[in-house]
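K.L.:
Questions regarding the structure given below will be posed in turn.
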Amino acid sequence: MADRHIDCKGLRCPMPIVKVGQAMNELTPGQTLSVEADDPVFGPDLAAWVEITGNELVEYHDGPPQRALLRKRVK
Amino acid sequence: MGSGIVVHSDQSASMAQLQEALAQVKTRLDLVEEALQPRCQHVTIVAFSGDMDRLYAALAIATGAAAMGMKVSVFFTFWGLNAIRKRRVLKGKGLCQALISLLLPSGPHHLPTSRFNMLGIGPRFFGYLMRKGRLSNVPGLIETARQAGVRLVACQNTVELMGIRPDELIEGIEFGGVATYLMDAARSKVSLFI
């Protein structure tokens with residue numbers, strides 16, 4: 001079980017990434033966040049988000065809806 | 001940052017001094033490496049256009065960048081100021097400025113599109129499609145940007161030129177000039193003029 005879950009279904013770019021960013025800010029390092037989305041570009045956008053923010057993408061299942069599990073970076 | 005590291009070249013430099021100097025170098029190197037991370041980059045956008053579609057693109061990039069942890073500034077000038085106006089005030093304005101106020105759209109809910117405007121039919125049509133496609137809109141993105149800590153700056157010169165009073169703008173707007181823009185733009189790898 002993730003420490004927090006957010007539902008981004010129905011939201012379109014850039015809102016799913018914005019919600020992921022907001023939710024991640026409220027977590028402490030090492031905690032996990034699960035996300036569900038159905039924006040067609042959520043996959044590539046999330047990959048870029050992970051690359052830039054340095055957080056970890058633990059799991060990703062393509063959809064729709066896409067499901068992702070993220071872990072907040074420790075350092 | 002900026003404190004000089006002094007290591008005396010004579011042989012009296014003790015091991016402890018060298019270790020301390022090394023620790024300082026390491027600390028500063030960590031700071032430099034951290035600053036080079038993409039998440040520490042700045043994004044600066046000039047919102048010059050008052051077209052709904054262009055402003056939408058500018059603000060989608062701004063909010064997206066903020067979600068990535070980047071520091072974002074959006075500078076509103078000329079027609080772009082329509083995105084951050086909340087109401088139209090005519091009282092107390094001279095003839096020219098009142099005329100500009102009347103000719104400008106009344107706020108971010110009534111922006112024209114850059115193409116297919118067709119006397120205002122286009123924006124309604126696109127507004128309908130965007131709601132149906134569950135896309136955000138310009139006022140929604142402004143609010144998201146503000147909550148995400150995006151720096152929203154109104155160009156002082158053009159605010160005055162267009163006769164816009166500060167109380168016509170939404171809350172949380174800073175005022176700045178060219179130097180304010182350049183200071184942020186100089187630190188930004190991503191710098192856009194839209």
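As shown in the structure tokens, the chain order sets the letters A, B, ...; within each chain, residues go from 1, and ligands are also counted from 1 in the order they appear.
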Wanna dump the chain B-chain A contacts at 12 Å for me, each residue with its shortest atom pair and the distance in Å to one decimal, counting only C-alpha atoms, ordered by chain and number, as a tab-separated table?
P.N.:
```
residue	atom	partner	partner_atom	distance
B:Asp30	CA	A:Lys75	CA	11.8
B:Glu34	CA	A:Lys75	CA	10.4
B:Leu36	CA	A:Ile52	CA	11.3
B:Gln37	CA	A:Ile52	CA	7.7
B:Pro38	CA	A:Ile52	CA	5.4
B:Arg39	CA	A:Thr53	CA	5.3
B:Cys40	CA	A:Thr53	CA	8.8
B:Gln41	CA	A:Ile52	CA	9.7
B:Tyr56	CA	A:Pro14	CA	10.6
B:Ala57	CA	A:Pro14	CA	10.1
B:Ala58	CA	A:Pro14	CA	11.4
B:Leu59	CA	A:Pro14	CA	9.4
B:Ala60	CA	A:Pro14	CA	5.9
B:Ile61	CA	A:Pro14	CA	7.8
B:Ala62	CA	A:Pro14	CA	9.4
B:Thr63	CA	A:Val18	CA	6.8
B:Gly64	CA	A:Pro14	CA	5.6
B:Ala65	CA	A:Val18	CA	8.8
B:Ala66	CA	A:Val18	CA	7.7
B:Ala67	CA	A:Gly21	CA	4.6
B:Met68	CA	A:Thr53	CA	5.8
B:Gly69	CA	A:Thr53	CA	6.6
B:Met70	CA	A:Thr53	CA	8.7
B:Met130	CA	A:Arg12	CA	9.9
B:Arg131	CA	A:Arg12	CA	10.6
B:Lys132	CA	A:Gly10	CA	10.4
B:Gly133	CA	A:Arg12	CA	7.9
B:Arg134	CA	A:Leu11	CA	6.2
B:Leu135	CA	A:Arg12	CA	5.5
B:Ser136	CA	A:Arg12	CA	7.5
B:Asn137	CA	A:Met15	CA	11.0
B:Gly140	CA	A:Met15	CA	10.4
B:Leu141	CA	A:Met15	CA	9.0
B:Thr144	CA	A:Val18	CA	8.3
B:Ala145	CA	A:Val18	CA	9.4
B:Gln147	CA	A:Gln22	CA	9.6
B:Ala148	CA	A:Gln22	CA	7.9
B:Gly149	CA	A:Gln22	CA	11.0
```
K.L.:
Within region 1-62 of chain A, find each residue whose DSSP state, derived from the backbone, is helix (DSSP H, G or I), and express the selection as a PyMOL selection string.
P.N.:
chain A and resi 15-25+42-53
K.L.:
Which residues come within 7 Å of Asp7 (chain A), counting only C-alpha atoms, excluding same-chain residues fewer than 4 positions away, as a ChimeraX atom specification?
P.N.:
/A:35-37
K.L.:
Could you save the residues just selected, with N, CA, C and O atoms, as a PDB file, in the first residue's frame?
P.N.:
```
ATOM      1  N   VAL A  35      -0.648   6.758  -8.215  1.00  0.00           N
ATOM      2  CA  VAL A  35      -1.395   7.670  -9.079  1.00  0.00           C
ATOM      3  C   VAL A  35      -2.165   6.880 -10.122  1.00  0.00           C
ATOM      4  O   VAL A  35      -1.650   5.903 -10.678  1.00  0.00           O
ATOM      5  N   GLU A  36      -3.382   7.306 -10.368  1.00  0.00           N
ATOM      6  CA  GLU A  36      -4.160   6.756 -11.482  1.00  0.00           C
ATOM      7  C   GLU A  36      -4.500   7.920 -12.406  1.00  0.00           C
ATOM      8  O   GLU A  36      -4.887   8.987 -11.926  1.00  0.00           O
ATOM      9  N   ALA A  37      -4.338   7.714 -13.711  1.00  0.00           N
ATOM     10  CA  ALA A  37      -4.629   8.789 -14.666  1.00  0.00           C
ATOM     11  C   ALA A  37      -5.098   8.197 -15.982  1.00  0.00           C
ATOM     12  O   ALA A  37      -4.866   7.016 -16.252  1.00  0.00           O
TER      13      ALA A  37
END
```
K.L.:
What's around region 42-54 of chain B at 7 Å? Count only C-alpha atoms, leave out sequence neighbours fewer than 6 positions away in its own chain, and write the answer as a ChimeraX atom specification.
P.N.:
/B:70-80,82-83,111-114,138,184-185,187-194
K.L.:
Output the selection as a PDB file, in the first residue's frame - N, CA and C atoms for each residue.
P.N.:
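The resulting file, part32.pdb, is shown below:
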```pdb
ATOM      1  N   MET B  70      10.768  23.321 -10.609  1.00  0.00           N
ATOM      2  CA  MET B  70      11.587  24.408 -11.152  1.00  0.00           C
ATOM      3  C   MET B  70      11.053  25.745 -10.660  1.00  0.00           C
ATOM      4  N   LYS B  71      11.924  26.738 -10.624  1.00  0.00           N
ATOM      5  CA  LYS B  71      11.497  28.085 -10.233  1.00  0.00           C
ATOM      6  C   LYS B  71      10.992  28.792 -11.478  1.00  0.00           C
ATOM      7  N   VAL B  72       9.786  29.309 -11.408  1.00  0.00           N
ATOM      8  CA  VAL B  72       9.154  29.856 -12.603  1.00  0.00           C
ATOM      9  C   VAL B  72       8.725  31.309 -12.396  1.00  0.00           C
ATOM     10  N   SER B  73       9.003  32.136 -13.392  1.00  0.00           N
ATOM     11  CA  SER B  73       8.510  33.518 -13.392  1.00  0.00           C
ATOM     12  C   SER B  73       7.775  33.766 -14.693  1.00  0.00           C
ATOM     13  N   VAL B  74       6.624  34.412 -14.580  1.00  0.00           N
ATOM     14  CA  VAL B  74       5.901  34.830 -15.786  1.00  0.00           C
ATOM     15  C   VAL B  74       5.750  36.345 -15.742  1.00  0.00           C
ATOM     16  N   PHE B  75       6.234  36.997 -16.793  1.00  0.00           N
ATOM     17  CA  PHE B  75       6.148  38.450 -16.880  1.00  0.00           C
ATOM     18  C   PHE B  75       5.040  38.822 -17.867  1.00  0.00           C
ATOM     19  N   PHE B  76       4.060  39.556 -17.378  1.00  0.00           N
ATOM     20  CA  PHE B  76       2.922  39.953 -18.205  1.00  0.00           C
ATOM     21  C   PHE B  76       3.127  41.364 -18.701  1.00  0.00           C
ATOM     22  N   THR B  77       3.052  41.531 -20.007  1.00  0.00           N
ATOM     23  CA  THR B  77       3.212  42.872 -20.566  1.00  0.00           C
ATOM     24  C   THR B  77       2.256  43.058 -21.745  1.00  0.00           C
ATOM     25  N   PHE B  78       1.965  44.305 -22.059  1.00  0.00           N
ATOM     26  CA  PHE B  78       1.009  44.652 -23.123  1.00  0.00           C
ATOM     27  C   PHE B  78      -0.264  43.788 -23.046  1.00  0.00           C
ATOM     28  N   TRP B  79      -0.610  43.071 -24.094  1.00  0.00           N
ATOM     29  CA  TRP B  79      -1.903  42.370 -24.167  1.00  0.00           C
ATOM     30  C   TRP B  79      -1.969  41.209 -23.186  1.00  0.00           C
ATOM     31  N   GLY B  80      -0.801  40.719 -22.802  1.00  0.00           N
ATOM     32  CA  GLY B  80      -0.742  39.618 -21.837  1.00  0.00           C
ATOM     33  C   GLY B  80      -1.323  40.001 -20.485  1.00  0.00           C
ATOM     34  N   ASN B  82      -4.051  41.166 -19.874  1.00  0.00           N
ATOM     35  CA  ASN B  82      -5.471  40.774 -19.799  1.00  0.00           C
ATOM     36  C   ASN B  82      -5.664  39.477 -19.025  1.00  0.00           C
ATOM     37  N   ALA B  83      -4.619  38.655 -18.976  1.00  0.00           N
ATOM     38  CA  ALA B  83      -4.729  37.381 -18.264  1.00  0.00           C
ATOM     39  C   ALA B  83      -4.831  37.580 -16.762  1.00  0.00           C
ATOM     40  N   LEU B 111     -11.095  36.243 -23.453  1.00  0.00           N
ATOM     41  CA  LEU B 111      -9.960  36.491 -24.334  1.00  0.00           C
ATOM     42  C   LEU B 111     -10.251  35.993 -25.746  1.00  0.00           C
ATOM     43  N   PRO B 112      -9.727  36.706 -26.750  1.00  0.00           N
ATOM     44  CA  PRO B 112      -9.904  36.229 -28.130  1.00  0.00           C
ATOM     45  C   PRO B 112      -8.921  35.096 -28.434  1.00  0.00           C
ATOM     46  N   THR B 113      -9.147  34.380 -29.514  1.00  0.00           N
ATOM     47  CA  THR B 113      -8.174  33.382 -29.964  1.00  0.00           C
ATOM     48  C   THR B 113      -7.337  33.996 -31.085  1.00  0.00           C
ATOM     49  N   SER B 114      -6.102  33.474 -31.280  1.00  0.00           N
ATOM     50  CA  SER B 114      -5.209  34.067 -32.279  1.00  0.00           C
ATOM     51  C   SER B 114      -5.687  33.756 -33.700  1.00  0.00           C
ATOM     52  N   VAL B 138      -7.578  29.498 -18.989  1.00  0.00           N
ATOM     53  CA  VAL B 138      -6.578  30.492 -18.587  1.00  0.00           C
ATOM     54  C   VAL B 138      -6.749  30.935 -17.120  1.00  0.00           C
ATOM     55  N   ASP B 184      15.855  37.227 -13.755  1.00  0.00           N
ATOM     56  CA  ASP B 184      15.326  35.858 -13.780  1.00  0.00           C
ATOM     57  C   ASP B 184      15.716  35.136 -15.069  1.00  0.00           C
ATOM     58  N   ALA B 185      15.651  35.856 -16.201  1.00  0.00           N
ATOM     59  CA  ALA B 185      15.948  35.231 -17.496  1.00  0.00           C
ATOM     60  C   ALA B 185      17.408  34.785 -17.572  1.00  0.00           C
ATOM     61  N   ARG B 187      19.144  33.578 -15.333  1.00  0.00           N
ATOM     62  CA  ARG B 187      19.324  32.329 -14.582  1.00  0.00           C
ATOM     63  C   ARG B 187      18.552  31.172 -15.202  1.00  0.00           C
ATOM     64  N   SER B 188      17.847  31.432 -16.308  1.00  0.00           N
ATOM     65  CA  SER B 188      16.958  30.426 -16.877  1.00  0.00           C
ATOM     66  C   SER B 188      17.524  29.815 -18.145  1.00  0.00           C
ATOM     67  N   LYS B 189      17.509  28.500 -18.198  1.00  0.00           N
ATOM     68  CA  LYS B 189      17.865  27.842 -19.457  1.00  0.00           C
ATOM     69  C   LYS B 189      16.651  27.847 -20.381  1.00  0.00           C
ATOM     70  N   VAL B 190      15.482  27.803 -19.771  1.00  0.00           N
ATOM     71  CA  VAL B 190      14.246  27.858 -20.549  1.00  0.00           C
ATOM     72  C   VAL B 190      13.692  29.270 -20.420  1.00  0.00           C
ATOM     73  N   SER B 191      13.678  29.993 -21.533  1.00  0.00           N
ATOM     74  CA  SER B 191      13.208  31.369 -21.524  1.00  0.00           C
ATOM     75  C   SER B 191      12.350  31.579 -22.765  1.00  0.00           C
ATOM     76  N   LEU B 192      11.086  31.901 -22.545  1.00  0.00           N
ATOM     77  CA  LEU B 192      10.150  31.973 -23.671  1.00  0.00           C
ATOM     78  C   LEU B 192       9.476  33.334 -23.759  1.00  0.00           C
ATOM     79  N   PHE B 193       9.214  33.748 -24.982  1.00  0.00           N
ATOM     80  CA  PHE B 193       8.488  34.998 -25.245  1.00  0.00           C
ATOM     81  C   PHE B 193       7.254  34.612 -26.054  1.00  0.00           C
ATOM     82  N   ILE B 194       6.103  34.697 -25.401  1.00  0.00           N
ATOM     83  CA  ILE B 194       4.893  34.191 -26.059  1.00  0.00           C
ATOM     84  C   ILE B 194       3.869  35.308 -26.232  1.00  0.00           C
TER      85      ILE B 194
END
```
K.L.:
Within chain A, find each residue whose DSSP state, derived from the backbone, is strand (DSSP E), and express the selection as an MDAnalysis selection string.
P.N.:
chainID A and resid 4:8 32:37 56:61 66:71
K.L.:
Tell me, as a ChimeraX atom specification, which residues lie within 7 Å of Glu56 (chain A), counting only C-alpha atoms; anything in the same chain fewer than 2 positions away does not count.
P.N.:
/A:50,54,58,70-73
K.L.:
Export N, CA and C atoms of the chosen residues as a compact mmCIF listing (two decimals), in the first residue's frame?
P.N.:
```txt
# COMPACT_ATOMS: atom_id res chain seq x y z
N VAL A 50 9.84 12.40 -13.45
CA VAL A 50 10.71 11.60 -12.61
C VAL A 50 12.18 11.93 -12.89
N GLY A 54 14.06 13.80 -9.88
CA GLY A 54 14.94 12.87 -9.18
C GLY A 54 14.20 11.91 -8.27
N VAL A 58 8.64 3.52 -9.16
CA VAL A 58 8.78 2.14 -8.70
C VAL A 58 8.06 1.18 -9.65
N LEU A 70 5.17 5.88 -7.12
CA LEU A 70 6.35 6.74 -7.04
C LEU A 70 6.90 6.75 -5.61
N ARG A 71 8.21 6.89 -5.51
CA ARG A 71 8.80 7.05 -4.18
C ARG A 71 9.57 8.36 -4.13
N LYS A 72 9.32 9.12 -3.08
CA LYS A 72 9.99 10.43 -2.94
C LYS A 72 11.48 10.23 -2.68
N ARG A 73 12.28 11.02 -3.39
CA ARG A 73 13.73 10.83 -3.25
C ARG A 73 14.19 11.21 -1.85
```
K.L.:
CA of Pro108 (chain B) to CA of Arg151 (chain B): how many Å, to one decimal?
P.N.:
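About the pair CA of Pro108 (chain B) and CA of Arg151 (chain B): they are 18.0 Å apart.
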K.L.:
Residues near Leu90 (chain B), anyone? I mean within 9 Å using only C-alpha atoms, not counting same-chain ones fewer than 5 positions away, as a compact mmCIF listing (two decimals) with C-alpha atoms, in the first residue's frame.
P.N.:
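Saved as part.txt:
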```txt
# COMPACT_ATOMS: atom_id res chain seq x y z
CA GLN B 97 -7.26 55.25 -20.88
CA ALA B 98 -11.01 54.76 -20.53
CA LEU B 99 -11.14 54.06 -24.25
CA SER B 101 -10.24 49.86 -21.08
CA LEU B 102 -13.38 49.61 -23.18
```
K.L.:
Write out as a ChimeraX atom specification each polymer residue whose atoms come within 10 Å of Gly43 (chain A), counting only C-alpha atoms; drop sequence neighbours fewer than 2 positions from it.
P.N.:
/A:37-41,45-49,60-63,66-68
